[in-house]
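Novice: Compact mmCIF, C-alpha atoms and all ligand atoms, file start02.txt:
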```
# COMPACT_ATOMS: atom_id res chain seq x y z
CA MET A 1 157.39 117.38 38.59
CA LYS A 2 154.57 115.00 39.49
CA GLN A 3 157.20 112.33 40.09
CA GLU A 4 158.70 114.68 42.68
CA THR A 5 155.44 115.21 44.48
CA LEU A 6 154.88 111.47 44.66
CA ALA A 7 158.44 110.93 45.83
CA ASN A 8 157.55 113.06 48.84
CA ILE A 9 155.28 110.40 50.21
CA LEU A 10 157.22 107.27 49.25
CA ALA A 11 160.04 105.65 51.17
CA ALA A 12 163.42 106.11 49.45
CA ASP A 13 163.73 102.45 48.51
CA ALA A 14 160.21 102.36 47.07
CA ARG A 15 160.58 105.35 44.73
CA GLU A 16 162.03 103.60 41.68
CA ARG A 17 159.36 100.95 41.67
CA TRP A 18 156.30 103.15 41.19
CA ARG A 19 155.16 104.61 37.89
CA GLU A 20 152.28 106.86 36.96
CA LEU A 21 149.47 104.80 35.43
CA GLU A 22 147.49 107.93 34.68
CA PRO A 23 147.45 111.40 36.25
CA ASN A 24 148.00 111.06 40.01
CA ILE A 25 147.44 107.29 40.09
CA TRP A 26 150.53 105.19 40.70
CA SER A 27 151.31 101.53 40.42
CA ALA A 28 154.28 99.45 41.53
CA THR A 29 156.07 98.26 38.41
CA GLY A 30 156.14 94.58 37.74
CA ASP A 31 153.02 93.59 39.63
CA ASP A 32 149.52 93.47 38.42
CA PRO A 33 147.30 93.47 41.51
CA GLU A 34 144.41 92.15 39.41
CA SER A 35 146.26 89.06 38.16
CA ILE A 36 146.23 87.13 41.45
CA PRO A 37 142.51 86.13 41.68
CA THR A 38 142.56 82.85 39.76
CA GLN A 39 145.16 81.33 42.04
CA SER A 40 143.37 82.39 45.19
CA ILE A 41 140.03 81.02 43.99
CA LEU A 42 141.40 77.61 43.18
CA THR A 43 143.36 77.02 46.35
CA THR A 44 140.48 77.88 48.70
CA LEU A 45 137.84 75.99 46.70
CA TRP A 46 139.74 72.79 47.39
CA ASP A 47 139.72 73.37 51.16
CA GLN A 48 137.22 71.79 53.53
CA PRO A 49 134.87 73.55 53.92
CA ARG A 50 135.28 75.17 50.53
CA TRP A 51 135.62 78.93 50.84
CA LEU A 52 136.50 82.10 48.93
CA GLU A 53 138.42 85.25 49.73
CA ALA A 54 136.10 88.22 50.09
CA TYR A 55 137.75 90.44 47.52
CA HIS A 56 136.35 88.37 44.65
CA LEU A 57 132.96 89.85 45.52
CA TYR A 58 133.91 93.22 44.12
CA ASP A 59 133.65 93.02 40.36
CA GLN A 60 131.70 95.83 38.69
CA ARG A 61 128.30 94.35 39.58
CA GLY A 62 129.45 93.38 43.09
CA SER A 63 130.60 96.92 43.79
CA GLU A 64 127.24 98.27 42.61
CA LEU A 65 125.38 95.76 44.79
CA PHE A 66 127.50 96.70 47.79
CA GLU A 67 126.55 100.36 47.23
CA GLN A 68 122.89 99.23 47.32
CA ILE A 69 123.51 97.28 50.53
CA CYS A 70 124.78 100.46 52.18
CA GLU A 71 121.36 102.06 51.52
CA LEU A 72 119.31 99.18 52.98
CA PRO A 73 117.32 99.94 56.13
CA GLU A 74 118.67 96.74 57.74
CA TYR A 75 122.33 97.52 56.98
CA TYR A 76 123.13 100.03 59.72
CA LEU A 77 126.95 99.90 59.41
CA THR A 78 127.64 102.56 56.77
CA ARG A 79 125.04 104.96 58.12
CA THR A 80 126.25 104.59 61.70
CA GLU A 81 129.92 104.98 60.83
CA ASN A 82 129.16 108.01 58.67
CA ALA A 83 127.28 109.65 61.54
CA ILE A 84 130.21 109.05 63.91
CA LEU A 85 132.67 110.50 61.39
CA GLU A 86 130.46 113.47 60.70
CA ALA A 87 129.99 114.27 64.39
CA ARG A 88 133.59 113.62 65.45
CA ALA A 89 135.90 114.31 62.47
CA ARG A 90 137.12 117.46 64.21
CA ASP A 91 138.27 115.51 67.29
CA MET A 92 139.70 112.69 65.21
CA ILE A 93 141.88 115.08 63.20
CA ALA A 94 142.80 117.11 66.27
CA GLY A 95 143.99 113.90 67.92
CA ALA A 96 146.23 112.93 64.98
CA PRO A 97 148.59 115.76 63.94
CA VAL A 98 149.66 114.53 60.49
CA ARG A 99 150.42 115.84 57.00
CA CYS A 100 149.11 112.89 55.04
CA ILE A 101 145.95 110.79 55.19
CA ALA A 102 146.35 107.33 53.65
CA GLU A 103 143.08 105.48 53.26
CA LEU A 104 142.98 101.71 52.77
CA GLY A 105 140.30 101.35 50.10
CA ALA A 106 139.43 104.02 47.55
CA GLY A 107 137.91 106.81 49.55
CA TYR A 108 135.56 109.26 47.97
CA SER A 109 132.61 108.83 50.27
CA THR A 110 131.16 111.45 52.55
CA LYS A 111 133.12 110.08 55.52
CA THR A 112 136.44 110.66 53.75
CA ILE A 113 135.32 114.16 52.80
CA HIS A 114 134.57 114.87 56.49
CA LEU A 115 138.12 113.92 57.48
CA LEU A 116 139.82 115.75 54.62
CA THR A 117 137.75 118.90 55.17
CA GLU A 118 138.80 118.94 58.83
CA GLN A 119 142.41 118.23 57.91
CA LEU A 120 142.40 121.25 55.56
CA ARG A 121 140.75 123.44 58.16
CA GLN A 122 143.14 122.50 60.95
CA ARG A 123 146.41 122.04 59.02
CA GLY A 124 146.06 123.56 55.55
CA PRO A 125 147.13 121.88 52.28
CA SER A 126 147.77 118.19 52.87
CA ILE A 127 148.21 114.90 51.07
CA PHE A 128 145.57 112.24 50.48
CA ALA A 129 146.83 108.81 49.40
CA PRO A 130 144.13 106.16 48.99
CA ILE A 131 145.34 102.60 48.38
CA ASP A 132 143.16 100.30 46.28
CA VAL A 133 143.40 97.42 43.80
CA SER A 134 140.70 99.04 41.69
CA ALA A 135 142.05 101.66 39.31
CA ALA A 136 138.46 102.64 38.53
CA GLY A 137 137.77 103.32 42.21
CA LEU A 138 140.88 105.48 42.46
CA ARG A 139 139.83 107.44 39.38
CA VAL A 140 136.43 108.23 40.87
CA SER A 141 138.10 109.21 44.15
CA ARG A 142 140.64 111.44 42.39
CA ASP A 143 138.03 113.30 40.36
CA ALA A 144 135.73 113.76 43.36
CA ILE A 145 138.51 115.03 45.63
CA ARG A 146 139.90 117.33 42.96
CA ALA A 147 136.47 118.90 42.45
CA ALA A 148 135.54 119.18 46.14
CA LEU A 149 138.90 119.86 47.80
CA PRO A 150 141.44 121.19 45.27
CA GLU A 151 143.99 122.00 47.98
CA ILE A 152 144.40 118.33 48.77
CA ALA A 153 147.29 116.73 46.86
CA PHE A 154 145.93 113.41 45.61
CA HIS A 155 148.20 110.40 45.10
CA GLY A 156 146.29 107.18 44.47
CA LEU A 157 148.27 103.98 44.99
CA HIS A 158 147.04 101.14 42.79
CA ALA A 159 148.16 98.22 44.92
CA ARG A 160 147.11 95.68 47.51
CA TYR A 161 147.01 97.19 50.99
CA GLU A 162 150.30 95.77 52.25
CA GLU A 163 152.21 96.89 49.21
CA GLY A 164 150.68 100.36 49.40
CA PHE A 165 151.19 101.13 53.08
CA GLY A 166 154.63 99.54 52.99
CA ALA A 167 155.74 102.11 50.39
CA ILE A 168 154.81 105.25 52.33
CA ASP A 169 157.70 107.14 53.90
CA LYS A 170 157.87 106.46 57.64
CA ASN A 171 159.13 110.01 58.19
CA LEU A 172 155.96 111.54 56.77
CA PRO A 173 153.45 111.87 59.63
CA THR A 174 150.50 109.89 58.30
CA LEU A 175 147.04 108.97 59.49
CA PHE A 176 146.11 105.56 58.10
CA VAL A 177 142.36 105.22 57.75
CA PHE A 178 140.70 101.81 57.58
CA LEU A 179 136.95 102.16 57.81
CA GLY A 180 133.78 100.28 56.97
CA SER A 181 134.57 97.36 59.30
CA THR A 182 136.56 95.77 56.51
CA ILE A 183 138.63 94.11 59.24
CA GLY A 184 135.53 91.96 59.77
CA ASN A 185 136.47 90.06 56.61
CA PHE A 186 139.83 88.99 58.02
CA ASN A 187 139.98 85.46 59.35
CA HIS A 188 142.16 84.49 62.30
CA THR A 189 145.21 84.11 60.07
CA ASP A 190 144.79 87.28 58.00
CA PHE A 191 144.00 89.46 61.01
CA PRO A 192 147.32 89.24 62.90
CA ARG A 193 149.27 89.19 59.65
CA PHE A 194 147.60 92.40 58.55
CA PHE A 195 148.12 94.31 61.81
CA ARG A 196 151.69 93.15 62.20
CA ALA A 197 152.51 94.37 58.69
CA LEU A 198 150.66 97.66 59.13
CA SER A 199 152.26 98.40 62.47
CA ALA A 200 155.72 97.58 61.07
CA ALA A 201 155.10 99.97 58.17
CA MET A 202 154.09 102.83 60.47
CA GLY A 203 156.54 105.51 61.53
CA PRO A 204 156.82 107.09 64.99
CA ASP A 205 154.41 109.94 64.15
CA ASP A 206 151.76 107.79 62.50
CA PHE A 207 148.19 107.06 63.56
CA LEU A 208 145.47 104.60 62.63
CA LEU A 209 141.74 105.29 62.48
CA LEU A 210 139.98 101.93 62.56
CA GLY A 211 136.24 101.27 62.07
CA ALA A 212 134.78 98.11 63.62
CA ASP A 213 131.26 96.76 63.87
CA ARG A 214 130.37 95.59 67.37
CA VAL A 215 128.74 92.47 68.74
CA LYS A 216 125.02 93.02 69.28
CA PRO A 217 121.87 90.86 69.44
CA ALA A 218 121.87 88.17 66.74
CA ASN A 219 118.52 89.23 65.26
CA ILE A 220 119.87 92.69 64.39
CA LEU A 221 123.05 91.26 62.91
CA GLU A 222 121.25 88.56 60.95
CA ALA A 223 118.79 91.03 59.42
CA ALA A 224 121.69 93.25 58.30
CA TYR A 225 123.11 90.31 56.30
CA ASP A 226 119.85 88.84 54.99
CA ASP A 227 117.75 91.80 53.94
CA SER A 228 114.11 91.51 52.92
CA ARG A 229 114.82 92.68 49.34
CA GLY A 230 117.44 89.99 48.78
CA VAL A 231 120.20 92.43 47.82
CA THR A 232 122.73 90.74 50.12
CA ALA A 233 121.89 87.31 48.68
CA GLU A 234 122.44 88.69 45.18
CA PHE A 235 125.73 90.29 46.27
CA ILE A 236 127.04 87.03 47.70
CA LEU A 237 125.90 84.76 44.86
CA ASN A 238 127.18 87.21 42.23
CA VAL A 239 130.67 86.03 43.17
CA PHE A 240 129.99 82.90 41.10
CA ASP A 241 129.20 84.93 37.98
CA ASN A 242 132.51 86.69 38.50
CA ILE A 243 134.35 83.38 38.94
CA ASN A 244 132.66 81.91 35.85
CA ARG A 245 133.87 84.90 33.88
CA LEU A 246 137.42 84.69 35.24
CA LEU A 247 137.83 80.92 34.97
CA GLN A 248 135.21 79.92 32.37
CA SER A 249 133.68 77.68 35.02
CA ASN A 250 130.01 76.65 35.15
CA PHE A 251 128.63 77.47 38.60
CA ALA A 252 124.84 77.53 38.05
CA ARG A 253 123.04 80.27 39.93
CA ALA A 254 119.75 78.38 39.50
CA LYS A 255 121.16 75.49 41.54
CA MET A 256 122.24 77.39 44.61
CA ARG A 257 120.77 79.48 47.41
CA TYR A 258 122.05 81.96 49.95
CA HIS A 259 122.33 81.10 53.64
CA SER A 260 123.76 83.21 56.46
CA TRP A 261 123.80 83.12 60.23
CA PHE A 262 125.56 84.67 63.23
CA ASN A 263 127.98 82.17 64.72
CA PRO A 264 128.01 83.23 68.38
CA GLU A 265 131.16 81.36 69.33
CA TRP A 266 133.23 82.93 66.55
CA GLN A 267 131.24 86.17 66.77
CA GLN A 268 130.89 86.37 63.05
CA ILE A 269 128.25 86.43 60.38
CA GLU A 270 128.93 83.57 57.97
CA MET A 271 127.63 83.94 54.42
CA TYR A 272 127.30 80.78 52.36
CA ALA A 273 126.20 79.54 48.97
CA VAL A 274 124.40 76.20 49.33
CA ALA A 275 123.94 73.78 46.42
CA THR A 276 120.25 72.95 45.97
CA GLU A 277 121.15 70.16 43.52
CA PRO A 278 124.42 68.32 42.95
CA GLN A 279 126.56 69.90 40.24
CA ILE A 280 129.91 69.19 38.67
CA ILE A 281 131.94 72.37 38.58
CA ARG A 282 134.44 72.39 35.72
CA PHE A 283 137.46 74.61 35.19
CA PRO A 284 138.24 73.88 31.53
CA THR A 285 141.24 76.20 31.29
CA LEU A 286 142.85 74.49 34.28
CA ASP A 287 141.84 70.93 33.46
CA SER A 288 140.14 70.51 36.82
CA ALA A 289 136.68 69.84 38.27
CA PHE A 290 134.88 69.04 41.52
CA GLN A 291 131.53 67.72 42.62
CA TRP A 292 129.51 70.29 44.56
CA GLN A 293 127.24 68.06 46.61
CA LYS A 294 123.61 68.88 47.33
CA ASP A 295 123.38 70.91 50.58
CA GLU A 296 127.15 71.42 50.68
CA LYS A 297 128.01 74.99 51.68
CA ILE A 298 130.72 77.22 50.22
CA LEU A 299 131.75 79.94 52.66
CA VAL A 300 131.81 83.10 50.55
CA GLU A 301 132.34 85.73 53.24
CA ILE A 302 132.68 86.22 56.97
CA SER A 303 131.93 89.44 58.78
CA ARG A 304 133.41 89.42 62.27
CA LYS A 305 131.91 91.51 65.05
CA PHE A 306 134.05 92.99 67.80
CA ASP A 307 134.06 93.82 71.47
CA ALA A 308 135.44 97.37 71.32
CA GLU A 309 137.40 97.28 74.59
CA ARG A 310 138.87 93.92 73.77
CA LEU A 311 139.87 95.05 70.27
CA GLN A 312 141.51 98.13 71.72
CA GLU A 313 143.44 96.03 74.22
CA GLN A 314 144.49 93.62 71.47
CA MET A 315 145.77 96.48 69.29
CA ARG A 316 148.28 97.41 72.01
CA PHE A 317 150.04 94.12 71.40
CA PHE A 318 150.54 95.08 67.76
CA GLY A 319 152.22 98.28 68.97
CA LEU A 320 149.10 100.37 68.32
CA MET A 321 148.27 102.40 71.44
CA PRO A 322 144.75 103.69 72.17
CA VAL A 323 144.28 107.46 71.77
CA ASP A 324 140.52 107.80 71.54
CA HIS A 325 137.36 105.78 71.03
CA PHE A 326 134.35 107.15 69.13
CA THR A 327 131.00 105.42 69.13
CA ASP A 328 127.28 106.07 68.50
CA ALA A 329 124.48 106.43 71.04
CA LYS A 330 123.44 102.77 70.70
CA GLN A 331 127.09 101.64 70.83
CA TRP A 332 126.58 99.58 67.71
CA TYR A 333 129.77 100.68 66.00
CA SER A 334 133.23 101.87 67.04
CA VAL A 335 135.89 104.02 65.47
CA LEU A 336 139.21 103.66 67.29
CA LEU A 337 142.02 106.17 67.04
CA LEU A 338 145.36 104.49 67.69
CA ARG A 339 148.92 105.68 67.65
CA LYS A 340 152.04 103.78 66.70
CA ARG A 341 154.08 103.13 69.85
CA SER A 342 157.38 104.98 69.47
C1 LIG A 401 132.46 95.66 53.39
C2 LIG A 401 133.21 93.77 54.61
C3 LIG A 401 132.35 95.66 55.76
O1 LIG A 401 131.02 92.70 56.26
O2 LIG A 401 129.50 94.24 56.48
C4 LIG A 401 127.91 93.52 53.54
C5 LIG A 401 130.50 93.39 53.37
N1 LIG A 401 128.76 91.62 52.99
N2 LIG A 401 126.92 92.64 53.36
C6 LIG A 401 130.39 93.69 55.85
C7 LIG A 401 129.09 92.87 53.31
C8 LIG A 401 127.43 91.49 53.02
C9 LIG A 401 130.79 94.31 54.50
N3 LIG A 401 132.20 94.82 54.56
```
Please render this file's structure as structure tokens.
Ligand code: AVJ
Specialist:
Amino acid sequence: MKQETLANILAADARERWRELEPNIWSATGDDPESIPTQSILTTLWDQPRWLEAYHLYDQRGSELFEQICELPEYYLTRTENAILEARARDMIAGAPVRCIAELGAGYSTKTIHLLTEQLRQRGPSIFAPIDVSAAGLRVSRDAIRAALPEIAFHGLHARYEEGFGAIDKNLPTLFVFLGSTIGNFNHTDFPRFFRALSAAMGPDDFLLLGADRVKPANILEAAYDDSRGVTAEFILNVFDNINRLLQSNFARAKMRYHSWFNPEWQQIEMYAVATEPQIIRFPTLDSAFQWQKDEKILVEISRKFDAERLQEQMRFFGLMPVDHFTDAKQWYSVLLLRKRS
């Protein structure tokens, strides 16, 4: 019975591959989305400059710290995006006549509730399918949605984004939702790869709601990523505790500091860990080690900032046509509504 309801949202060729991990949370058989990290960490740490993929930041502690960042006075992104969603959810939903909302990232926040509430009001019972690598995040989302909006059919997809959106039936009119300016984390290789894959996975009646932080004076941006309470520094450096746990390595938090700046040419905040003393980093389980030199920086995260008109123009070349553009009074943040070109 539940298998049937899930089958409704999955493409025919994807149906056999997904099984129910726990009520209403599904996983593609064979893959373990949480088994990939070690490989990713090691390949990028041997690059020059050394760097890390952003998703390693989100262990339990990292996720808690990110929640704290969202409350910081300097970190305007979450607050601004929420206000746009709250004010404009009605127009966003009216502009995207769909039966399913698929959110990239486990949605249970107030902004998701705004969209789902409007969807129910305008279209009646509908499907909500968040896609996330965190089963815990999906569980929280499921329980929150079930309590607040019982008429929404919840199907959590425990998967990496590409695998999740690729499985959804192209014939089911779907609004893909990708908020929080997560696209800011994508480098110049990941970015086109992501949008090409998403666009290819979208059917003729599908839409995309995309949140993007905009370029603004460097002092505002730099404060948002180097707050006075040091929460952002803790969030970034926590990645090394996570890596030590995963790989039994010996990154020493006492021998590093946080450094970030807005790179105006690349229009991105760059967040680094800098060694304050030389240290030999050992990976005993992998029989490997490297020398982290004093003052050498490891790039832990980038957060790209966008020109809204330019981003909108660029999206056209991925087959994603502009429908509407929502912003705040200061024009600090943009939410673009796009439609798959049919
Ligand atoms: C979750 C990627 C949108 O780039 O603003 C916040 C992450 N890093 N402070 C961002 C983050 C440091 C955040 N994103």
Novice: CA of Glu162 in chain A and CA of Ser342 in chain A, how far apart in Å?
Specialist: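 These two atoms are separated by 20.8 Å.
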Novice: List the spatial neighbours of Leu179 in chain A as an mmCIF file with C-alpha atoms, in the coordinates of the input - criterion: any atom at most 10 Å away, only C-alpha atoms, same-chain residues fewer than 5 positions off excluded.
Specialist:
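The resulting around.cif:
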```
data_model
loop_
_atom_site.group_PDB
_atom_site.id
_atom_site.type_symbol
_atom_site.label_atom_id
_atom_site.label_comp_id
_atom_site.auth_asym_id
_atom_site.auth_seq_id
_atom_site.Cartn_x
_atom_site.Cartn_y
_atom_site.Cartn_z
ATOM 1 C CA THR A 78 127.640 102.560 56.770
ATOM 2 C CA GLU A 81 129.920 104.980 60.830
ATOM 3 C CA ASN A 82 129.160 108.010 58.670
ATOM 4 C CA GLU A 103 143.080 105.480 53.260
ATOM 5 C CA LEU A 104 142.980 101.710 52.770
ATOM 6 C CA GLY A 105 140.300 101.350 50.100
ATOM 7 C CA GLY A 107 137.910 106.810 49.550
ATOM 8 C CA LYS A 111 133.120 110.080 55.520
ATOM 9 C CA THR A 112 136.440 110.660 53.750
ATOM 10 C CA LEU A 209 141.740 105.290 62.480
ATOM 11 C CA LEU A 210 139.980 101.930 62.560
ATOM 12 C CA GLY A 211 136.240 101.270 62.070
ATOM 13 C CA ALA A 212 134.780 98.110 63.620
ATOM 14 C CA ASP A 213 131.260 96.760 63.870
ATOM 15 C CA SER A 334 133.230 101.870 67.040
ATOM 16 C CA VAL A 335 135.890 104.020 65.470
ATOM 17 C CA LEU A 336 139.210 103.660 67.290
#
```
Novice: Go through A:Ala273, A:Val300, A:Ala218, A:Asn242 one by one, measure the shortest atom-to-atom distance of each to Trp261 in chain A using all atoms listed in the file, and give the residue with the smallest value.
Specialist: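 Among the listed residues, A:Ala218 lies closest to Trp261 in chain A.
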Novice: Neighbouring residues of ligand LIG 401 (chain A) are defined here as those with any atom at most 10 Å from a ligand atom, counting only C-alpha atoms and all ligand atoms; list them as a PDB file with C-alpha atoms, keeping the file's coordinate frame.
Specialist:
```
ATOM      1  CA  ALA A  54     136.100  88.220  50.090  1.00  0.00           C
ATOM      2  CA  TYR A  55     137.750  90.440  47.520  1.00  0.00           C
ATOM      3  CA  LEU A  57     132.960  89.850  45.520  1.00  0.00           C
ATOM      4  CA  TYR A  58     133.910  93.220  44.120  1.00  0.00           C
ATOM      5  CA  SER A  63     130.600  96.920  43.790  1.00  0.00           C
ATOM      6  CA  LEU A  65     125.380  95.760  44.790  1.00  0.00           C
ATOM      7  CA  PHE A  66     127.500  96.700  47.790  1.00  0.00           C
ATOM      8  CA  GLU A  67     126.550 100.360  47.230  1.00  0.00           C
ATOM      9  CA  GLN A  68     122.890  99.230  47.320  1.00  0.00           C
ATOM     10  CA  ILE A  69     123.510  97.280  50.530  1.00  0.00           C
ATOM     11  CA  CYS A  70     124.780 100.460  52.180  1.00  0.00           C
ATOM     12  CA  TYR A  75     122.330  97.520  56.980  1.00  0.00           C
ATOM     13  CA  TYR A  76     123.130 100.030  59.720  1.00  0.00           C
ATOM     14  CA  LEU A  77     126.950  99.900  59.410  1.00  0.00           C
ATOM     15  CA  THR A  78     127.640 102.560  56.770  1.00  0.00           C
ATOM     16  CA  LEU A 179     136.950 102.160  57.810  1.00  0.00           C
ATOM     17  CA  GLY A 180     133.780 100.280  56.970  1.00  0.00           C
ATOM     18  CA  SER A 181     134.570  97.360  59.300  1.00  0.00           C
ATOM     19  CA  THR A 182     136.560  95.770  56.510  1.00  0.00           C
ATOM     20  CA  ILE A 183     138.630  94.110  59.240  1.00  0.00           C
ATOM     21  CA  GLY A 184     135.530  91.960  59.770  1.00  0.00           C
ATOM     22  CA  ASN A 185     136.470  90.060  56.610  1.00  0.00           C
ATOM     23  CA  PHE A 186     139.830  88.990  58.020  1.00  0.00           C
ATOM     24  CA  GLY A 211     136.240 101.270  62.070  1.00  0.00           C
ATOM     25  CA  ALA A 212     134.780  98.110  63.620  1.00  0.00           C
ATOM     26  CA  ASP A 213     131.260  96.760  63.870  1.00  0.00           C
ATOM     27  CA  LEU A 221     123.050  91.260  62.910  1.00  0.00           C
ATOM     28  CA  ALA A 224     121.690  93.250  58.300  1.00  0.00           C
ATOM     29  CA  TYR A 225     123.110  90.310  56.300  1.00  0.00           C
ATOM     30  CA  ASP A 226     119.850  88.840  54.990  1.00  0.00           C
ATOM     31  CA  ASP A 227     117.750  91.800  53.940  1.00  0.00           C
ATOM     32  CA  VAL A 231     120.200  92.430  47.820  1.00  0.00           C
ATOM     33  CA  THR A 232     122.730  90.740  50.120  1.00  0.00           C
ATOM     34  CA  ALA A 233     121.890  87.310  48.680  1.00  0.00           C
ATOM     35  CA  GLU A 234     122.440  88.690  45.180  1.00  0.00           C
ATOM     36  CA  PHE A 235     125.730  90.290  46.270  1.00  0.00           C
ATOM     37  CA  ILE A 236     127.040  87.030  47.700  1.00  0.00           C
ATOM     38  CA  SER A 260     123.760  83.210  56.460  1.00  0.00           C
ATOM     39  CA  GLN A 268     130.890  86.370  63.050  1.00  0.00           C
ATOM     40  CA  ILE A 269     128.250  86.430  60.380  1.00  0.00           C
ATOM     41  CA  GLU A 270     128.930  83.570  57.970  1.00  0.00           C
ATOM     42  CA  MET A 271     127.630  83.940  54.420  1.00  0.00           C
ATOM     43  CA  VAL A 300     131.810  83.100  50.550  1.00  0.00           C
ATOM     44  CA  GLU A 301     132.340  85.730  53.240  1.00  0.00           C
ATOM     45  CA  ILE A 302     132.680  86.220  56.970  1.00  0.00           C
ATOM     46  CA  SER A 303     131.930  89.440  58.780  1.00  0.00           C
ATOM     47  CA  ARG A 304     133.410  89.420  62.270  1.00  0.00           C
ATOM     48  CA  LYS A 305     131.910  91.510  65.050  1.00  0.00           C
TER      49      LYS A 305
END
```
Novice: For Arg142 in chain A, work out the shell of residues within 8 Å, counting only C-alpha atoms and skipping chain neighbours fewer than 2 positions away, then give it as a list of chain:residue names.
Specialist: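 The residues satisfying every condition are A:Asn24, A:Tyr108, A:Leu138, A:Arg139, A:Val140, A:Ala144, A:Ile145, A:Arg146, A:Phe154, A:Gly156.
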Novice: Pick the closest to Phe178 in chain A from A:Glu22, A:Ala106, A:Trp332, A:Ala201: which is it, counting only C-alpha atoms?
Specialist: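 Once distances to Phe178 in chain A are computed over only C-alpha atoms, the minimum belongs to A:Ala106.
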Novice: Could you state the separation of CA of Leu116 in chain A and CA of Glu151 in chain A in Å, given to one decimal place?
Specialist: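 Straight-line distance from CA of Leu116 in chain A to CA of Glu151 in chain A works out to 10.0 Å.
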Novice: Would you kindly return, as an MDAnalysis selection string, each protein, DNA or RNA residue with an atom no farther than 12 Å from any atom of Thr117 in chain A, considering all atoms listed in the file and excluding same-chain residues fewer than 2 positions away?
Specialist: chainID A and resid 85:86 89:90 92:93 101 110:115 119:128 145 148:152
Novice: For a quick check of your reading of the model, name the residues lying within 10 Å of the coordinate (137.1, 86.0, 37.4), counting all atoms listed in the file, and write them as a tab-separated table (two decimals) with C-alpha atoms, keeping the file's coordinate frame.
Specialist:
```
chain	number	residue	atom	x	y	z
A	34	GLU	CA	144.41	92.15	39.41
A	35	SER	CA	146.26	89.06	38.16
A	37	PRO	CA	142.51	86.13	41.68
A	38	THR	CA	142.56	82.85	39.76
A	41	ILE	CA	140.03	81.02	43.99
A	56	HIS	CA	136.35	88.37	44.65
A	57	LEU	CA	132.96	89.85	45.52
A	59	ASP	CA	133.65	93.02	40.36
A	239	VAL	CA	130.67	86.03	43.17
A	240	PHE	CA	129.99	82.90	41.10
A	241	ASP	CA	129.20	84.93	37.98
A	242	ASN	CA	132.51	86.69	38.50
A	243	ILE	CA	134.35	83.38	38.94
A	244	ASN	CA	132.66	81.91	35.85
A	245	ARG	CA	133.87	84.90	33.88
A	246	LEU	CA	137.42	84.69	35.24
A	247	LEU	CA	137.83	80.92	34.97
A	248	GLN	CA	135.21	79.92	32.37
A	249	SER	CA	133.68	77.68	35.02
```
Novice: Enclose all atoms of range 147-165 of chain A listed in the file in an axis-aligned box, grow every side by 5 Å, and hand back centre and edge lengths in Å to one decimal, as AutoDock Vina command-line options.
Specialist:
```
--center_x 143.9 --center_y 108.8 --center_z 47.8 --size_x 26.7 --size_y 36.3 --size_z 20.6
```
